[in-house]
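> Handing you a structure now.
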Amino acid sequence: TDKKENLMSILEAFGESGETIVFPTHPRTKKAIGDSRSSLERRARSDLLAISKWSNIKLIDPVGYLDSLMLQKNAKKVLTDSGGVQKEAYMLNVPCITLRRETEWIETVKDGWNKLVGADKEQIIRAIKYFLPKRPQHNYFGSGDASDKIIKILKNFERSN
């Protein structure tokens, strides 16, 4: 939201991708979209960049954590700039397109399940259309059975005391 041209490039890529994009919009982002649209429209004197031009972009209010996980789990792909969402998408086995040039979760990129595209419109569109992991994931973050192991350890500890 800090660089209006990046935000507009991302929105144009979403709009031109041809895919339905569900976009939970943070209030700061919603304000930036409005500000960008009005200033660009004044300059261009057209609605070329109006978000309403693209019926495939579904702007929705922010969602809670569980709703966010459900949206991600049921998505074809996740597009984000959030480090937490990148990791969640990986753990949910959903390909992730990261709208940044770097990530704190480089193992997700090395594993082929996360693609860094920044705000480049053409790279975003290509990733939306063609990016798919070519192999199953590695088990970088565990197998999801940590609670079972903890219970077993606690039961063994309880029996021994």
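To be explicit about the labels: the chains of the structure tokens are called A, B, and onward in the order shown, and within each one the residues are counted from 1, while ligands get numbers from 1 in the order they are shown.
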Identify, on the basis of only C-alpha atoms, every residue whose closest approach to segment 130-137 of chain A does not exceed 7 Å; exclude the query and any residue fewer than 5 positions from it along the same chain; express the result as a list in words.
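The contact residues come out as Pro95, Asp111, Gly112 and Trp113 of chain A.
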> What parts of chain A does DSSP call helix (DSSP H, G or I)? I'd like the answer as a ChimeraX atom specification.
/A:4-16,27-44,51-53,65-73,83-91,106-110,121-130,146-160
> Could you tell me which of A:Leu69, A:Ala127, A:Ile33, A:Ile153 comes closest to Ser52 of chain A if we count only C-alpha atoms?
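Counting only C-alpha atoms, the residue closest to Ser52 of chain A is A:Ile33.
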> Name the closest residue to Gly142 of chain A among the candidates A:Met91, A:Ile124, A:Glu5, A:Lys31; distances are taken between atoms, counting only C-alpha atoms.
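Smallest distance to Gly142 of chain A is found for A:Met91.
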> So that I can check the surroundings of Leu11 of chain A, please list as an MDAnalysis selection string every protein, DNA and RNA residue that reaches within 9 Å of it, counting only C-alpha atoms and ignoring chain neighbours fewer than 2 positions away.
chainID A and resid 6:9 13:16 33 49 51 57 121
> Write a file of the just-selected residues containing all heavy atoms, as an mmCIF file, in the first residue's frame.

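Saved file out.cif follows:
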```
data_model
loop_
_atom_site.group_PDB
_atom_site.id
_atom_site.type_symbol
_atom_site.label_atom_id
_atom_site.label_comp_id
_atom_site.auth_asym_id
_atom_site.auth_seq_id
_atom_site.Cartn_x
_atom_site.Cartn_y
_atom_site.Cartn_z
ATOM 1 N N ASN A 6 2.786 -0.013 -7.375
ATOM 2 C CA ASN A 6 2.842 -1.456 -7.121
ATOM 3 C C ASN A 6 1.450 -2.015 -6.848
ATOM 4 O O ASN A 6 1.083 -3.065 -7.369
ATOM 5 C CB ASN A 6 3.754 -1.756 -5.928
ATOM 6 C CG ASN A 6 5.223 -1.619 -6.261
ATOM 7 O OD1 ASN A 6 5.599 -1.423 -7.411
ATOM 8 N ND2 ASN A 6 6.049 -1.701 -5.247
ATOM 9 N N LEU A 7 0.692 -1.308 -6.031
ATOM 10 C CA LEU A 7 -0.668 -1.747 -5.728
ATOM 11 C C LEU A 7 -1.509 -1.833 -6.998
ATOM 12 O O LEU A 7 -2.204 -2.828 -7.230
ATOM 13 C CB LEU A 7 -1.323 -0.804 -4.718
ATOM 14 C CG LEU A 7 -2.766 -1.130 -4.316
ATOM 15 C CD1 LEU A 7 -2.882 -2.525 -3.727
ATOM 16 C CD2 LEU A 7 -3.279 -0.075 -3.331
ATOM 17 N N MET A 8 -1.425 -0.834 -7.847
ATOM 18 C CA MET A 8 -2.212 -0.846 -9.078
ATOM 19 C C MET A 8 -1.740 -1.952 -10.031
ATOM 20 O O MET A 8 -2.548 -2.587 -10.693
ATOM 21 C CB MET A 8 -2.185 0.522 -9.752
ATOM 22 C CG MET A 8 -2.900 1.616 -8.939
ATOM 23 S SD MET A 8 -4.532 1.149 -8.290
ATOM 24 C CE MET A 8 -5.459 0.938 -9.788
ATOM 25 N N SER A 9 -0.433 -2.217 -10.068
ATOM 26 C CA SER A 9 0.088 -3.305 -10.898
ATOM 27 C C SER A 9 -0.464 -4.645 -10.430
ATOM 28 O O SER A 9 -0.872 -5.488 -11.239
ATOM 29 C CB SER A 9 1.622 -3.300 -10.835
ATOM 30 O OG SER A 9 2.157 -4.362 -11.576
ATOM 31 N N ALA A 13 -3.051 -7.059 -12.476
ATOM 32 C CA ALA A 13 -2.733 -8.473 -12.713
ATOM 33 C C ALA A 13 -3.882 -9.358 -12.249
ATOM 34 O O ALA A 13 -4.287 -10.278 -12.967
ATOM 35 C CB ALA A 13 -1.440 -8.851 -11.987
ATOM 36 N N PHE A 14 -4.420 -9.073 -11.069
ATOM 37 C CA PHE A 14 -5.565 -9.843 -10.576
ATOM 38 C C PHE A 14 -6.712 -9.748 -11.574
ATOM 39 O O PHE A 14 -7.315 -10.752 -11.949
ATOM 40 C CB PHE A 14 -6.038 -9.316 -9.227
ATOM 41 C CG PHE A 14 -5.141 -9.608 -8.052
ATOM 42 C CD1 PHE A 14 -3.944 -10.285 -8.189
ATOM 43 C CD2 PHE A 14 -5.509 -9.188 -6.787
ATOM 44 C CE1 PHE A 14 -3.130 -10.545 -7.094
ATOM 45 C CE2 PHE A 14 -4.713 -9.443 -5.682
ATOM 46 C CZ PHE A 14 -3.527 -10.114 -5.837
ATOM 47 N N GLY A 15 -7.022 -8.536 -12.005
ATOM 48 C CA GLY A 15 -8.148 -8.311 -12.907
ATOM 49 C C GLY A 15 -7.967 -8.976 -14.251
ATOM 50 O O GLY A 15 -8.917 -9.523 -14.817
ATOM 51 N N GLU A 16 -6.754 -8.938 -14.772
ATOM 52 C CA GLU A 16 -6.492 -9.492 -16.099
ATOM 53 C C GLU A 16 -6.199 -10.984 -16.090
ATOM 54 O O GLU A 16 -6.069 -11.596 -17.153
ATOM 55 C CB GLU A 16 -5.332 -8.725 -16.748
ATOM 56 C CG GLU A 16 -5.685 -7.271 -17.036
ATOM 57 C CD GLU A 16 -4.509 -6.454 -17.553
ATOM 58 O OE1 GLU A 16 -3.533 -7.057 -18.065
ATOM 59 O OE2 GLU A 16 -4.564 -5.211 -17.442
ATOM 60 N N ILE A 33 -6.509 1.720 -2.223
ATOM 61 C CA ILE A 33 -7.153 1.456 -3.515
ATOM 62 C C ILE A 33 -8.001 2.657 -3.913
ATOM 63 O O ILE A 33 -7.928 3.138 -5.039
ATOM 64 C CB ILE A 33 -8.011 0.176 -3.471
ATOM 65 C CG1 ILE A 33 -7.106 -1.052 -3.376
ATOM 66 C CG2 ILE A 33 -8.907 0.073 -4.702
ATOM 67 C CD1 ILE A 33 -7.858 -2.348 -3.071
ATOM 68 N N LEU A 49 -8.446 2.133 -14.547
ATOM 69 C CA LEU A 49 -7.925 1.400 -13.400
ATOM 70 C C LEU A 49 -8.967 1.208 -12.303
ATOM 71 O O LEU A 49 -8.638 0.814 -11.203
ATOM 72 C CB LEU A 49 -6.697 2.128 -12.839
ATOM 73 C CG LEU A 49 -5.526 2.217 -13.808
ATOM 74 C CD1 LEU A 49 -4.406 3.050 -13.208
ATOM 75 C CD2 LEU A 49 -5.009 0.852 -14.174
ATOM 76 N N ILE A 51 -11.334 -0.409 -9.915
ATOM 77 C CA ILE A 51 -11.405 -1.795 -9.452
ATOM 78 C C ILE A 51 -12.697 -2.468 -9.897
ATOM 79 O O ILE A 51 -12.721 -3.666 -10.157
ATOM 80 C CB ILE A 51 -11.219 -1.858 -7.915
ATOM 81 C CG1 ILE A 51 -10.977 -3.276 -7.446
ATOM 82 C CG2 ILE A 51 -12.398 -1.275 -7.183
ATOM 83 C CD1 ILE A 51 -9.618 -3.772 -7.663
ATOM 84 N N ILE A 57 -12.568 -9.830 -9.413
ATOM 85 C CA ILE A 57 -11.973 -9.500 -8.124
ATOM 86 C C ILE A 57 -13.095 -9.286 -7.117
ATOM 87 O O ILE A 57 -13.923 -8.395 -7.279
ATOM 88 C CB ILE A 57 -11.080 -8.248 -8.198
ATOM 89 C CG1 ILE A 57 -9.959 -8.431 -9.224
ATOM 90 C CG2 ILE A 57 -10.501 -7.934 -6.814
ATOM 91 C CD1 ILE A 57 -9.100 -7.185 -9.411
ATOM 92 N N LYS A 121 3.395 -7.061 -12.870
ATOM 93 C CA LYS A 121 2.098 -7.483 -13.414
ATOM 94 C C LYS A 121 2.206 -8.747 -14.266
ATOM 95 O O LYS A 121 1.439 -9.701 -14.077
ATOM 96 C CB LYS A 121 1.501 -6.333 -14.226
ATOM 97 C CG LYS A 121 0.193 -6.655 -14.896
ATOM 98 C CD LYS A 121 -0.314 -5.427 -15.640
ATOM 99 C CE LYS A 121 -1.147 -5.774 -16.812
ATOM 100 N NZ LYS A 121 -1.596 -4.601 -17.561
#
```
> Between A:Gly144, A:Asp81, A:Asn139, A:Glu12, which is the closest to Lys115 of chain A once you count only C-alpha atoms?
A:Asp81
